[in-house]
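Participant: Structure in structure tokens, see below.
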Amino acid sequence: MGYTHYWKRSKDLDKTMFIEAKNDCQKICDVLKNQYDIQIQKEYDDSNPPIFNDDIIRFNGIEDDGHETFLITSNGNDHFQFCKTAEKPYDLAVQCCLLIFHYYFKSDFTFSSDGGEEDWANAVKVVNEVFDYNIDNPFCE
């Protein structure tokens, strides 16, 4: 086991909205790098840059600060996915991206987590500050 986030899409995601969500994810990852020193790359052992394109988002932490790769695609057979982050620093980037995708796609993109309200508070705060989404913590009881 380990600290993991899970997400599911009910269908292929609208291409235009996927690109908008991808752009917001890329922006939030830049903010996390500059303000929180959270570093990401393609894979924990691959120093190529993270992938943010019109069909895929893919990143991981760096070396010991990485764990499993975070991957979201706009379509395909991967309707249920998960990412075990082991609460390493890049976990905040994963959380922010999940919040962004849920914001854009609502019930077509749902997620759950081994974390609770306290584990998600910082991600909610960062996303709301950067984008003024005014979202609530999805794990508040």
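Residues are named by chain letter and number: chains run A, B, ... in the order of the structure tokens, numbers start at 1 in each chain, and ligands are numbered from 1 in the order shown.
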Name all residues at most 12 Å from A:Asp91 (count only C-alpha atoms; drop same-chain ones fewer than 4 positions away) and give them as a PyMOL selection string.
Facilitator: chain A and resi 3-5+29+32+38-40+59-62+65-70+83-87+95-98+113-115+119-120+122-123
Participant: Tell me which protein, DNA and RNA residues are within 12 Å of stretch 104-112 of chain A, counting only C-alpha atoms, leaving out same-chain ones fewer than 5 positions away, and put them as a ChimeraX atom specification.
Facilitator: /A:3-25,72-74,79-83,94-99,117,120,133,135,137-139
Participant: Let me see the file: selected residues, N, CA and C atoms, as a tab-separated table (two decimals), in the first residue's frame.
Facilitator:
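Saved result, result-v2.tsv, follows:
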```tsv
chain	number	residue	atom	x	y	z
A	3	TYR	N	0.38	5.93	0.16
A	3	TYR	CA	-0.47	7.09	-0.02
A	3	TYR	C	-0.75	7.27	-1.52
A	4	THR	N	-2.03	7.16	-1.90
A	4	THR	CA	-2.40	7.10	-3.31
A	4	THR	C	-3.61	7.99	-3.59
A	5	HIS	N	-3.66	8.51	-4.81
A	5	HIS	CA	-4.82	9.24	-5.32
A	5	HIS	C	-5.38	8.43	-6.49
A	6	TYR	N	-6.71	8.44	-6.63
A	6	TYR	CA	-7.41	7.66	-7.64
A	6	TYR	C	-8.33	8.60	-8.42
A	7	TRP	N	-8.45	8.39	-9.71
A	7	TRP	CA	-9.38	9.20	-10.47
A	7	TRP	C	-10.01	8.39	-11.59
A	8	LYS	N	-11.16	8.88	-12.01
A	8	LYS	CA	-11.94	8.16	-13.02
A	8	LYS	C	-12.61	9.18	-13.93
A	9	ARG	N	-12.57	8.90	-15.20
A	9	ARG	CA	-13.33	9.70	-16.15
A	9	ARG	C	-14.45	8.83	-16.67
A	10	SER	N	-15.59	9.42	-16.84
A	10	SER	CA	-16.74	8.65	-17.30
A	10	SER	C	-16.78	8.54	-18.82
A	11	LYS	N	-15.96	9.33	-19.50
A	11	LYS	CA	-15.93	9.32	-20.96
A	11	LYS	C	-14.67	10.03	-21.42
A	12	ASP	N	-14.44	10.03	-22.73
A	12	ASP	CA	-13.34	10.82	-23.26
A	12	ASP	C	-13.61	12.28	-22.91
A	13	LEU	N	-12.55	13.01	-22.63
A	13	LEU	CA	-12.70	14.39	-22.19
A	13	LEU	C	-12.71	15.34	-23.39
A	14	ASP	N	-13.59	16.33	-23.33
A	14	ASP	CA	-13.68	17.33	-24.37
A	14	ASP	C	-12.30	17.94	-24.63
A	15	LYS	N	-11.89	17.95	-25.88
A	15	LYS	CA	-10.54	18.37	-26.26
A	15	LYS	C	-10.26	19.82	-25.88
A	16	THR	N	-11.17	20.72	-26.14
A	16	THR	CA	-10.96	22.13	-25.84
A	16	THR	C	-10.80	22.34	-24.33
A	17	MET	N	-11.67	21.71	-23.56
A	17	MET	CA	-11.59	21.85	-22.10
A	17	MET	C	-10.35	21.14	-21.56
A	18	PHE	N	-9.95	20.02	-22.16
A	18	PHE	CA	-8.73	19.34	-21.75
A	18	PHE	C	-7.54	20.27	-21.91
A	19	ILE	N	-7.47	20.98	-23.02
A	19	ILE	CA	-6.36	21.90	-23.26
A	19	ILE	C	-6.37	23.03	-22.22
A	20	GLU	N	-7.54	23.54	-21.89
A	20	GLU	CA	-7.64	24.59	-20.87
A	20	GLU	C	-7.17	24.06	-19.50
A	21	ALA	N	-7.63	22.86	-19.15
A	21	ALA	CA	-7.22	22.26	-17.87
A	21	ALA	C	-5.72	21.98	-17.88
A	22	LYS	N	-5.21	21.48	-18.99
A	22	LYS	CA	-3.77	21.22	-19.12
A	22	LYS	C	-2.97	22.50	-18.93
A	23	ASN	N	-3.43	23.60	-19.54
A	23	ASN	CA	-2.74	24.89	-19.39
A	23	ASN	C	-2.72	25.33	-17.93
A	24	ASP	N	-3.84	25.15	-17.23
A	24	ASP	CA	-3.89	25.50	-15.81
A	24	ASP	C	-2.98	24.60	-14.99
A	25	CYS	N	-2.90	23.32	-15.33
A	25	CYS	CA	-1.99	22.41	-14.63
A	25	CYS	C	-0.55	22.83	-14.84
A	72	ILE	N	-2.48	11.81	-16.99
A	72	ILE	CA	-3.86	12.03	-17.42
A	72	ILE	C	-3.84	12.16	-18.93
A	73	THR	N	-4.73	11.44	-19.59
A	73	THR	CA	-4.88	11.56	-21.03
A	73	THR	C	-6.30	12.02	-21.36
A	74	SER	N	-6.45	12.57	-22.54
A	74	SER	CA	-7.76	13.09	-22.93
A	74	SER	C	-8.72	11.97	-23.35
A	79	HIS	N	-9.72	4.82	-18.29
A	79	HIS	CA	-10.74	5.59	-17.59
A	79	HIS	C	-10.56	5.60	-16.08
A	80	PHE	N	-9.91	4.60	-15.51
A	80	PHE	CA	-9.61	4.59	-14.08
A	80	PHE	C	-8.10	4.57	-13.92
A	81	GLN	N	-7.59	5.51	-13.15
A	81	GLN	CA	-6.15	5.58	-12.93
A	81	GLN	C	-5.86	5.89	-11.47
A	82	PHE	N	-4.61	5.71	-11.11
A	82	PHE	CA	-4.19	6.07	-9.77
A	82	PHE	C	-2.72	6.46	-9.81
A	83	CYS	N	-2.30	7.15	-8.77
A	83	CYS	CA	-0.90	7.55	-8.64
A	83	CYS	C	-0.53	7.48	-7.17
A	94	VAL	N	0.29	16.88	-7.99
A	94	VAL	CA	-0.73	15.89	-8.35
A	94	VAL	C	-2.09	16.33	-7.82
A	95	GLN	N	-2.14	16.72	-6.56
A	95	GLN	CA	-3.41	17.16	-5.97
A	95	GLN	C	-3.98	18.37	-6.72
A	96	CYS	N	-3.13	19.34	-6.99
A	96	CYS	CA	-3.60	20.54	-7.69
A	96	CYS	C	-4.17	20.17	-9.07
A	97	CYS	N	-3.49	19.30	-9.79
A	97	CYS	CA	-3.99	18.91	-11.11
A	97	CYS	C	-5.31	18.16	-11.02
A	98	LEU	N	-5.46	17.32	-10.03
A	98	LEU	CA	-6.74	16.61	-9.85
A	98	LEU	C	-7.87	17.60	-9.55
A	99	LEU	N	-7.59	18.58	-8.72
A	99	LEU	CA	-8.59	19.61	-8.42
A	99	LEU	C	-8.96	20.39	-9.68
A	117	GLU	N	-9.04	15.75	4.73
A	117	GLU	CA	-9.19	17.21	4.69
A	117	GLU	C	-7.86	17.94	4.91
A	120	TRP	N	-5.37	17.80	2.00
A	120	TRP	CA	-5.74	18.51	0.79
A	120	TRP	C	-5.86	20.02	0.98
A	133	TYR	N	-10.70	29.97	-8.34
A	133	TYR	CA	-11.78	29.03	-8.64
A	133	TYR	C	-12.87	29.03	-7.57
A	135	ILE	N	-13.08	26.91	-5.04
A	135	ILE	CA	-13.51	25.54	-4.78
A	135	ILE	C	-13.36	25.24	-3.29
A	137	ASN	N	-12.72	22.31	-0.19
A	137	ASN	CA	-11.94	21.10	0.03
A	137	ASN	C	-12.88	19.91	-0.19
A	138	PRO	N	-12.57	19.05	-1.14
A	138	PRO	CA	-13.48	17.93	-1.45
A	138	PRO	C	-13.52	16.88	-0.37
A	139	PHE	N	-12.64	16.97	0.61
A	139	PHE	CA	-12.59	15.95	1.64
A	139	PHE	C	-13.05	16.46	3.00
```
Participant: Enumerate, as a PDB file with C-alpha atoms, in the first residue's frame, the complete set of residues in stretch 4-138 of chain A that a backbone-based DSSP assignment places in alpha helix (DSSP H).
Facilitator:
```
ATOM      1  CA  LYS A  15     -10.540  18.367 -26.261  1.00  0.00           C
ATOM      2  CA  THR A  16     -10.957  22.134 -25.835  1.00  0.00           C
ATOM      3  CA  MET A  17     -11.586  21.846 -22.102  1.00  0.00           C
ATOM      4  CA  PHE A  18      -8.729  19.338 -21.753  1.00  0.00           C
ATOM      5  CA  ILE A  19      -6.357  21.900 -23.256  1.00  0.00           C
ATOM      6  CA  GLU A  20      -7.637  24.588 -20.868  1.00  0.00           C
ATOM      7  CA  ALA A  21      -7.219  22.264 -17.872  1.00  0.00           C
ATOM      8  CA  LYS A  22      -3.768  21.223 -19.117  1.00  0.00           C
ATOM      9  CA  ASN A  23      -2.737  24.885 -19.386  1.00  0.00           C
ATOM     10  CA  ASP A  24      -3.892  25.496 -15.811  1.00  0.00           C
ATOM     11  CA  CYS A  25      -1.993  22.413 -14.625  1.00  0.00           C
ATOM     12  CA  GLN A  26       1.158  23.616 -16.315  1.00  0.00           C
ATOM     13  CA  LYS A  27       0.738  27.060 -14.773  1.00  0.00           C
ATOM     14  CA  ILE A  28       0.156  25.644 -11.282  1.00  0.00           C
ATOM     15  CA  CYS A  29       3.248  23.445 -11.613  1.00  0.00           C
ATOM     16  CA  ASP A  30       5.276  26.543 -12.548  1.00  0.00           C
ATOM     17  CA  VAL A  31       3.914  28.338  -9.473  1.00  0.00           C
ATOM     18  CA  LEU A  32       4.753  25.326  -7.284  1.00  0.00           C
ATOM     19  CA  LYS A  33       8.291  25.303  -8.672  1.00  0.00           C
ATOM     20  CA  ASN A  34       8.838  29.036  -8.133  1.00  0.00           C
ATOM     21  CA  GLN A  35       7.048  29.509  -4.817  1.00  0.00           C
ATOM     22  CA  TYR A  36       7.344  26.085  -3.142  1.00  0.00           C
ATOM     23  CA  ASP A  91       2.166  15.135  -4.343  1.00  0.00           C
ATOM     24  CA  LEU A  92       1.043  18.767  -4.135  1.00  0.00           C
ATOM     25  CA  ALA A  93       1.311  19.091  -7.933  1.00  0.00           C
ATOM     26  CA  VAL A  94      -0.728  15.888  -8.351  1.00  0.00           C
ATOM     27  CA  GLN A  95      -3.406  17.163  -5.971  1.00  0.00           C
ATOM     28  CA  CYS A  96      -3.603  20.536  -7.695  1.00  0.00           C
ATOM     29  CA  CYS A  97      -3.986  18.909 -11.112  1.00  0.00           C
ATOM     30  CA  LEU A  98      -6.743  16.612  -9.850  1.00  0.00           C
ATOM     31  CA  LEU A  99      -8.595  19.613  -8.420  1.00  0.00           C
ATOM     32  CA  ILE A 100      -8.199  21.475 -11.711  1.00  0.00           C
ATOM     33  CA  PHE A 101      -9.513  18.576 -13.791  1.00  0.00           C
ATOM     34  CA  HIS A 102     -12.468  18.089 -11.486  1.00  0.00           C
ATOM     35  CA  TYR A 103     -13.185  21.819 -11.671  1.00  0.00           C
ATOM     36  CA  TYR A 104     -13.316  21.668 -15.472  1.00  0.00           C
ATOM     37  CA  PHE A 105     -15.063  18.322 -15.946  1.00  0.00           C
ATOM     38  CA  GLU A 117      -9.190  17.212   4.689  1.00  0.00           C
ATOM     39  CA  GLU A 118      -5.866  18.236   6.241  1.00  0.00           C
ATOM     40  CA  ASP A 119      -3.879  16.542   3.464  1.00  0.00           C
ATOM     41  CA  TRP A 120      -5.742  18.514   0.789  1.00  0.00           C
ATOM     42  CA  ALA A 121      -5.985  21.931   2.467  1.00  0.00           C
ATOM     43  CA  ASN A 122      -2.797  23.324   0.924  1.00  0.00           C
ATOM     44  CA  ALA A 123      -3.705  22.174  -2.604  1.00  0.00           C
ATOM     45  CA  VAL A 124      -7.147  23.795  -2.345  1.00  0.00           C
ATOM     46  CA  LYS A 125      -5.549  26.998  -1.054  1.00  0.00           C
ATOM     47  CA  VAL A 126      -2.948  27.138  -3.845  1.00  0.00           C
ATOM     48  CA  VAL A 127      -5.450  26.436  -6.638  1.00  0.00           C
ATOM     49  CA  ASN A 128      -7.895  29.031  -5.324  1.00  0.00           C
ATOM     50  CA  GLU A 129      -5.149  31.648  -4.959  1.00  0.00           C
ATOM     51  CA  VAL A 130      -3.709  31.085  -8.433  1.00  0.00           C
ATOM     52  CA  PHE A 131      -7.006  30.761 -10.334  1.00  0.00           C
TER      53      PHE A 131
END
```
Participant: Using atom CA of A:Asn75 and atom CA of A:Asp132 as the two end points, give the distance in Å to one decimal.
Facilitator: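 Interatomic distance here is 27.7 Å.
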Participant: Rounded to one decimal, what separation in Å do you get between atom CA of A:Asp37 and atom CA of A:Tyr90?
Facilitator: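 Straight-line distance from atom CA of A:Asp37 to atom CA of A:Tyr90 works out to 9.8 Å.
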Participant: For the structure I just gave you, how does DSSP split stretch 6-106 of chain A - specifically, which residues are strand (DSSP E or B)? Reply as a PyMOL selection string.
Facilitator: chain A and resi 6-9+41+43+46+51-52+56-60+70-73+80-84
